[in-house]
file query_3.cif (mmCIF, C-alpha atoms and all ligand atoms)
data_model
loop_
_atom_site.label_atom_id
_atom_site.label_comp_id
_atom_site.auth_asym_id
_atom_site.auth_seq_id
_atom_site.Cartn_x
_atom_site.Cartn_y
_atom_site.Cartn_z
CA MET A 308 -5.88 68.97 -44.81
CA LYS A 309 -6.78 71.19 -41.88
CA GLY A 310 -4.54 73.98 -40.55
CA ASP A 311 -3.56 77.59 -41.21
CA ASP A 312 -1.46 78.71 -44.15
CA ALA A 313 1.52 79.41 -41.86
CA ILE A 314 4.10 76.63 -41.56
CA ILE A 315 5.70 76.04 -38.19
CA THR A 316 8.58 73.85 -37.01
CA VAL A 317 8.01 71.45 -34.17
CA GLU A 318 9.77 68.38 -32.81
CA LEU A 319 7.38 65.43 -32.99
CA GLU A 320 8.41 62.04 -31.62
CA GLY A 321 12.06 63.12 -31.75
CA ARG A 322 12.02 64.47 -35.31
CA LYS A 323 12.10 68.12 -36.27
CA ILE A 324 9.43 68.68 -38.88
CA LYS A 325 7.46 71.42 -40.56
CA VAL A 326 3.67 71.35 -40.37
CA PRO A 327 0.82 73.78 -40.99
CA ALA A 328 -0.05 75.83 -37.91
CA GLY A 329 -3.40 75.13 -36.27
CA LEU A 330 -3.20 71.33 -36.22
CA THR A 331 -3.55 69.23 -33.11
CA VAL A 332 -0.69 66.89 -32.21
CA ILE A 333 -2.52 63.89 -33.70
CA GLU A 334 -3.36 65.78 -36.89
CA ALA A 335 0.28 66.89 -37.17
CA LEU A 336 1.43 63.29 -36.84
CA TRP A 337 -0.98 62.22 -39.57
CA ASP A 338 0.05 65.19 -41.71
CA THR A 339 3.68 64.04 -41.55
CA GLY A 340 2.96 60.46 -42.49
CA HIS A 341 2.84 58.85 -39.05
CA ASP A 342 0.38 55.97 -39.10
CA VAL A 343 -1.14 56.75 -35.70
CA LYS A 344 -3.85 54.22 -34.94
CA ARG A 345 -2.84 53.07 -31.48
CA GLY A 346 -3.06 55.63 -28.71
CA ILE A 347 -6.11 57.34 -30.12
CA GLY A 348 -9.78 56.67 -29.73
CA CYS A 349 -12.57 59.23 -29.65
CA LEU A 350 -10.58 62.20 -31.05
CA SER A 351 -12.89 64.34 -28.93
CA GLY A 352 -11.02 64.71 -25.64
CA LEU A 353 -13.14 62.10 -23.90
CA CYS A 354 -11.47 58.69 -23.93
CA GLY A 355 -8.01 59.63 -22.61
CA ALA A 356 -6.15 57.34 -25.01
CA CYS A 357 -3.95 60.05 -26.52
CA THR A 358 -1.90 61.51 -23.67
CA VAL A 359 1.12 63.49 -24.82
CA ALA A 360 4.03 65.16 -23.04
CA PHE A 361 5.26 68.44 -24.46
CA ILE A 362 7.62 71.32 -23.81
CA GLU A 363 6.73 74.70 -25.20
CA ARG A 364 9.35 76.98 -26.71
CA GLU A 365 11.19 79.01 -24.09
CA SER A 366 9.86 76.72 -21.35
CA LYS A 367 11.75 74.16 -19.30
CA LYS A 368 8.65 72.57 -17.86
CA VAL A 369 7.25 69.34 -19.25
CA ARG A 370 3.48 69.55 -19.54
CA PHE A 371 0.87 66.94 -20.35
CA GLY A 372 -2.23 67.06 -22.48
CA LEU A 373 -4.43 65.16 -24.89
CA GLY A 374 -2.98 64.79 -28.38
CA CYS A 375 -6.34 65.16 -30.04
CA GLN A 376 -6.94 68.51 -28.30
CA LYS A 377 -3.52 70.07 -27.92
CA VAL A 378 -2.76 72.43 -30.79
CA ILE A 379 0.88 72.46 -31.77
CA GLU A 380 2.87 75.67 -31.61
CA GLU A 381 6.13 76.85 -33.10
CA GLY A 382 9.12 75.31 -31.33
CA MET A 383 7.09 72.79 -29.35
CA ASN A 384 8.60 69.39 -28.58
CA VAL A 385 6.00 66.62 -28.26
CA ILE A 386 5.98 62.88 -27.64
CA MET A 387 3.04 60.53 -27.21
CA ILE A 388 2.86 58.64 -23.92
CA PRO A 389 2.19 54.92 -24.28
CA CYS A 390 -0.53 53.31 -22.23
CA PHE A 391 0.81 52.63 -18.73
CA PRO A 392 0.09 49.19 -17.26
CA CYS A 393 -1.54 49.37 -13.82
CA ARG A 394 -3.70 47.16 -11.68
CA ALA A 395 -7.47 47.46 -11.82
CA ALA A 396 -9.23 45.52 -9.07
CA ARG A 397 -11.68 42.90 -10.25
CA TYR A 398 -15.17 43.16 -8.81
CA SER A 399 -18.77 42.66 -9.71
CA LEU A 400 -20.64 45.84 -10.54
CA GLU A 401 -23.58 44.38 -8.61
CA ALA A 402 -21.48 44.26 -5.43
CA VAL A 403 -19.77 47.67 -5.58
CA ALA A 404 -19.76 49.28 -2.12
CA LEU A 405 -17.68 51.99 -0.47
CA GLU A 406 -16.79 49.79 2.49
CA LYS A 407 -14.92 47.49 0.09
CA LEU A 408 -12.59 50.20 -1.14
CA LYS A 409 -9.83 49.29 1.32
CA GLU A 410 -10.06 45.61 0.49
CA LEU A 411 -9.86 46.25 -3.26
CA TYR A 412 -7.39 49.14 -3.32
CA ASP A 413 -5.34 48.65 -0.17
CA GLU A 414 -2.36 50.47 -1.72
CA LEU A 415 -4.38 53.70 -1.60
CA TYR A 416 -3.70 53.86 2.14
CA THR A 417 0.07 53.87 1.59
CA CYS A 418 -0.14 57.23 -0.20
CA ASN A 419 2.27 59.68 1.40
CA ASP A 420 0.97 62.70 -0.50
CA CYS A 421 4.12 63.18 -2.57
CA ARG A 422 1.87 64.73 -5.25
CA ALA A 423 3.80 63.22 -8.15
CA CYS A 424 0.37 62.29 -9.55
CA ASN A 425 -0.56 65.93 -10.04
CA ILE A 426 0.27 65.89 -13.75
CA CYS A 427 -3.29 65.47 -14.96
CA PRO A 428 -3.97 66.71 -18.52
CA GLU A 429 -7.44 67.65 -17.29
CA TRP A 430 -5.99 69.69 -14.40
CA ILE A 431 -7.51 67.47 -11.72
CA ASN A 432 -5.88 67.74 -8.31
CA VAL A 433 -5.27 63.98 -8.17
CA ALA A 434 -3.39 64.07 -4.86
CA GLY A 435 -6.31 65.99 -3.35
CA VAL A 436 -8.70 63.32 -4.59
CA MET A 437 -6.56 60.60 -3.00
CA ARG A 438 -6.42 62.53 0.29
CA ALA A 439 -10.21 62.86 0.33
CA ALA A 440 -10.61 59.16 -0.49
CA MET A 441 -8.26 58.11 2.33
CA ALA A 442 -10.15 60.36 4.74
CA GLY A 443 -13.43 58.74 3.73
CA ASP A 444 -14.78 61.95 2.20
CA TYR A 445 -15.99 60.14 -0.90
CA GLU A 446 -18.37 62.85 -2.08
CA ALA A 447 -15.49 65.35 -2.14
CA ALA A 448 -13.28 62.87 -3.96
CA ALA A 449 -15.92 62.14 -6.60
CA ALA A 450 -16.78 65.81 -7.09
CA GLN A 451 -13.20 66.53 -8.16
CA VAL A 452 -12.86 63.82 -10.79
CA THR A 453 -15.79 64.45 -13.08
CA ASP A 454 -13.39 65.52 -15.86
CA CYS A 455 -11.21 62.38 -15.58
CA VAL A 456 -10.66 60.76 -18.99
CA MET A 457 -9.00 57.61 -17.54
CA CYS A 458 -5.70 58.22 -19.34
CA GLY A 459 -3.78 56.75 -16.38
CA LEU A 460 -0.97 59.30 -16.50
CA CYS A 461 -1.31 59.83 -12.74
CA ALA A 462 -0.73 56.10 -12.15
CA SER A 463 2.47 56.19 -14.20
CA ARG A 464 4.05 58.52 -11.61
CA CYS A 465 2.94 56.92 -8.36
CA PRO A 466 5.83 55.36 -6.38
CA LYS A 467 3.29 53.37 -4.36
CA ASN A 468 1.65 51.71 -7.37
CA ILE A 469 -1.68 53.40 -6.79
CA ALA A 470 -3.88 53.77 -9.86
CA PRO A 471 -5.78 56.93 -8.86
CA HIS A 472 -8.09 56.82 -11.88
CA PHE A 473 -9.30 53.32 -10.99
CA VAL A 474 -9.72 54.25 -7.32
CA ALA A 475 -11.77 57.28 -8.31
CA LEU A 476 -13.86 55.26 -10.74
CA TYR A 477 -14.66 52.75 -8.00
CA ILE A 478 -15.75 55.56 -5.66
CA GLN A 479 -17.97 57.06 -8.34
CA ARG A 480 -19.57 53.69 -9.02
CA ALA A 481 -20.11 52.98 -5.33
CA LEU A 482 -21.69 56.39 -4.76
CA ALA A 483 -23.93 55.92 -7.78
CA ARG A 484 -25.16 52.62 -6.38
CA GLU A 485 -26.12 54.29 -3.11
CA ARG A 486 -28.24 56.93 -4.83
CA PRO A 487 -31.73 56.32 -6.18
CA SER A 488 -31.76 55.98 -9.96
CA PRO A 489 -33.10 59.03 -11.78
CA PRO A 490 -36.64 58.32 -13.05
CA ASN A 491 -35.72 59.09 -16.67
CA LEU A 492 -32.91 56.53 -16.51
CA GLU A 493 -35.29 53.90 -15.18
CA SER A 494 -37.80 54.54 -17.95
CA ARG A 495 -35.05 54.53 -20.58
CA LEU A 496 -33.77 51.16 -19.37
CA GLU A 497 -37.29 49.78 -19.53
CA GLU A 498 -37.60 51.02 -23.12
CA ILE A 499 -34.33 49.34 -24.07
CA GLU A 500 -35.24 46.09 -22.38
CA SER A 501 -38.62 46.02 -24.12
CA PHE A 502 -36.94 46.67 -27.54
CA ARG A 503 -39.10 49.73 -28.01
CA TYR A 504 -36.69 51.33 -30.52
CA ASP A 505 -35.63 48.23 -32.41
CA GLY A 506 -37.71 49.19 -35.45
CA GLU A 507 -36.16 52.65 -35.50
CA TRP A 508 -32.63 51.23 -35.33
CA SER A 509 -33.34 48.86 -38.21
CA ARG A 510 -34.64 51.77 -40.28
CA VAL A 511 -31.47 53.85 -39.57
CA ALA A 512 -29.13 50.90 -40.20
CA ALA A 513 -30.67 50.40 -43.65
CA MET A 514 -30.13 54.03 -44.74
CA ASP A 515 -27.58 54.94 -47.40
CA ASP A 516 -25.08 57.77 -46.75
CA GLU A 517 -27.29 60.51 -48.11
CA ALA A 518 -30.38 59.42 -46.22
CA LEU A 519 -28.31 59.09 -43.07
CA ARG A 520 -26.87 62.59 -43.52
CA GLU A 521 -30.37 64.04 -43.97
CA PHE A 522 -31.65 62.12 -40.99
CA CYS A 523 -28.77 63.34 -38.75
CA THR A 524 -29.20 66.93 -39.92
CA ALA A 525 -32.91 66.77 -39.13
CA MET A 526 -32.22 65.26 -35.69
CA ALA A 527 -29.58 67.89 -34.90
CA GLY A 528 -32.06 70.64 -35.78
CA ARG A 529 -34.78 69.37 -33.45
S1 LIG B 1 -8.45 60.31 -28.73
FE1 LIG B 1 -9.85 60.21 -27.05
S2 LIG B 1 -9.17 61.81 -25.76
FE2 LIG B 1 -7.91 62.00 -27.50
#
call {"tool": "encode", "arguments": {"input": "query_3.cif", "output": "structure tokens"}}
result
Amino acid sequence: MKGDDAIITVELEGRKIKVPAGLTVIEALWDTGHDVKRGIGCLSGLCGACTVAFIERESKKVRFGLGCQKVIEEGMNVIMIPCFPCRAARYSLEAVALEKLKELYDELYTCNDCRACNICPEWINVAGVMRAAMAGDYEAAAAQVTDCVMCGLCASRCPKNIAPHFVALYIQRALARERPSPPNLESRLEEIESFRYDGEWSRVAAMDDEALREFCTAMAGR
């Protein structure tokens, strides 16, 4: 079990419980017997599956964060936010283009800048991204969303049913299609398509735990 020696009291999913200090929200849930399998993925702050809402002691403000990253504190009240259903436009990746944004995400242009979406656990100015997208300043929109983890919390607040994370993803994809591919990406794709590393993968897949550990340690030290 991870955590400091100190024991703190927090309210997790509506129950007051005691847990070792220093744990993240997800670790605290596990520590107290919650069988958390849904609502988590990478456990590294990347996939956005684990959004939580919390209030810190002495605070009246609800904040949002990622359960696998947020470290619990004495007196904190935390709940996990379930995945919010929202519409993702269907399109072919081959046909992604900026001029199709309005056709695919027409609701974007009903945004009245209420800024309810500005609750991003990654501190992205989501309303600012939507303003830039509506104004056609796609580079500015894309530049602001590089930290997006696709948790969809912003979409859960939008009274106009806009899914800002999907809009931003589309813009990023469309911009990427307009740019020349980096040469190293092209050569890597060629290597994959020609099965250049198939032998290496087979060798790694056949390793036992110890051999795999040694192999990973050697690779990390390169
Ligand atoms: S589990 Fe992926 S961001 Fe937390």
call {"tool": "closest_atom_pairs", "arguments": {"input": "query_3.cif", "of": "chain A", "to": "ligand LIG 1 (chain B)", "cutoff": "10 Å", "atoms": "all atoms listed in the file", "output": "Markdown table"}}
result
| residue | atom | partner | partner_atom | distance |
| --- | --- | --- | --- | --- |
| A:Val332 | CA | B:LIG1 | FE2 | 9.9 |
| A:Ile333 | CA | B:LIG1 | FE2 | 8.4 |
| A:Lys344 | CA | B:LIG1 | S1 | 9.8 |
| A:Arg345 | CA | B:LIG1 | S1 | 9.6 |
| A:Gly346 | CA | B:LIG1 | S1 | 7.1 |
| A:Ile347 | CA | B:LIG1 | S1 | 4.0 |
| A:Gly348 | CA | B:LIG1 | S1 | 4.0 |
| A:Cys349 | CA | B:LIG1 | FE1 | 3.9 |
| A:Leu350 | CA | B:LIG1 | S1 | 3.7 |
| A:Ser351 | CA | B:LIG1 | FE1 | 5.5 |
| A:Gly352 | CA | B:LIG1 | S2 | 3.4 |
| A:Leu353 | CA | B:LIG1 | S2 | 4.4 |
| A:Cys354 | CA | B:LIG1 | FE1 | 3.8 |
| A:Gly355 | CA | B:LIG1 | S2 | 4.0 |
| A:Ala356 | CA | B:LIG1 | FE1 | 5.1 |
| A:Cys357 | CA | B:LIG1 | FE2 | 4.5 |
| A:Thr358 | CA | B:LIG1 | FE2 | 7.1 |
| A:Val359 | CA | B:LIG1 | FE2 | 9.5 |
| A:Gly372 | CA | B:LIG1 | FE2 | 9.1 |
| A:Leu373 | CA | B:LIG1 | FE2 | 5.4 |
| A:Gly374 | CA | B:LIG1 | FE2 | 5.7 |
| A:Cys375 | CA | B:LIG1 | FE2 | 4.3 |
| A:Gln376 | CA | B:LIG1 | FE2 | 6.6 |
| A:Lys377 | CA | B:LIG1 | FE2 | 9.2 |
| A:Val456 | CA | B:LIG1 | S2 | 7.0 |
| A:Met457 | CA | B:LIG1 | S2 | 9.2 |
| A:Cys458 | CA | B:LIG1 | S2 | 8.1 |
call {"tool": "residues_around", "arguments": {"input": "query_3.cif", "residues": "Pro471 in chain A", "least_positions_apart": "6", "cutoff": "8 Å", "atoms": "all atoms listed in the file", "output": "PDB file with C-alpha atoms, in the coordinates of the input"}}
result
ATOM      1  CA  VAL A 433      -5.270  63.980  -8.170  1.00  0.00           C
ATOM      2  CA  MET A 437      -6.560  60.600  -3.000  1.00  0.00           C
ATOM      3  CA  GLY A 459      -3.780  56.750 -16.380  1.00  0.00           C
ATOM      4  CA  CYS A 461      -1.310  59.830 -12.740  1.00  0.00           C
ATOM      5  CA  ALA A 462      -0.730  56.100 -12.150  1.00  0.00           C
TER       6      ALA A 462
END
call {"tool": "closest_residue", "arguments": {"input": "query_3.cif", "among": "A:Ala518, A:Cys427, A:Leu460, A:Ile315", "to": "Met387 in chain A", "atoms": "all atoms listed in the file"}}
result
A:Leu460
call {"tool": "atom_distance", "arguments": {"input": "query_3.cif", "atom1": "CA of Arg484 in chain A", "atom2": "CA of Arg438 in chain A"}}
result
22.2 Å
call {"tool": "atom_distance", "arguments": {"input": "query_3.cif", "atom1": "CA of Glu380 in chain A", "atom2": "CA of Val326 in chain A"}}
result
9.8 Å
call {"tool": "closest_residue", "arguments": {"input": "query_3.cif", "among": "A:Arg370, A:Lys409, A:Lys323, A:Arg464", "to": "Cys393 in chain A", "atoms": "all atoms listed in the file"}}
result
A:Arg464
call {"tool": "closest_residue", "arguments": {"input": "query_3.cif", "among": "A:Asp515, A:Glu414, A:Glu507, A:Glu500", "to": "Pro466 in chain A", "atoms": "only C-alpha atoms"}}
result
A:Glu414
call {"tool": "atom_distance", "arguments": {"input": "query_3.cif", "atom1": "CA of Ile469 in chain A", "atom2": "CA of Arg394 in chain A"}}
result
8.2 Å
call {"tool": "decode", "arguments": {"input": "query_3.cif", "residues": "range 414-434 of chain A", "atoms": "C-alpha atoms", "output": "tab-separated table (two decimals), in the first residue's frame"}}
result
chain	number	residue	atom	x	y	z
A	414	GLU	CA	-24.12	23.40	-32.91
A	415	LEU	CA	-20.72	25.03	-32.37
A	416	TYR	CA	-22.09	28.18	-34.00
A	417	THR	CA	-24.88	28.46	-31.43
A	418	CYS	CA	-22.33	29.02	-28.64
A	419	ASN	CA	-23.20	32.18	-26.74
A	420	ASP	CA	-19.98	32.24	-24.74
A	421	CYS	CA	-21.64	31.50	-21.40
A	422	ARG	CA	-18.33	29.90	-20.34
A	423	ALA	CA	-19.98	27.10	-18.37
A	424	CYS	CA	-17.49	24.80	-20.15
A	425	ASN	CA	-14.55	26.40	-18.38
A	426	ILE	CA	-14.30	23.63	-15.80
A	427	CYS	CA	-11.46	21.77	-17.47
A	428	PRO	CA	-9.33	19.59	-15.14
A	429	GLU	CA	-6.39	20.45	-17.40
A	430	TRP	CA	-7.07	24.20	-17.03
A	431	ILE	CA	-7.83	24.69	-20.71
A	432	ASN	CA	-9.80	27.83	-21.53
A	433	VAL	CA	-12.47	25.82	-23.37
A	434	ALA	CA	-14.70	28.82	-24.09
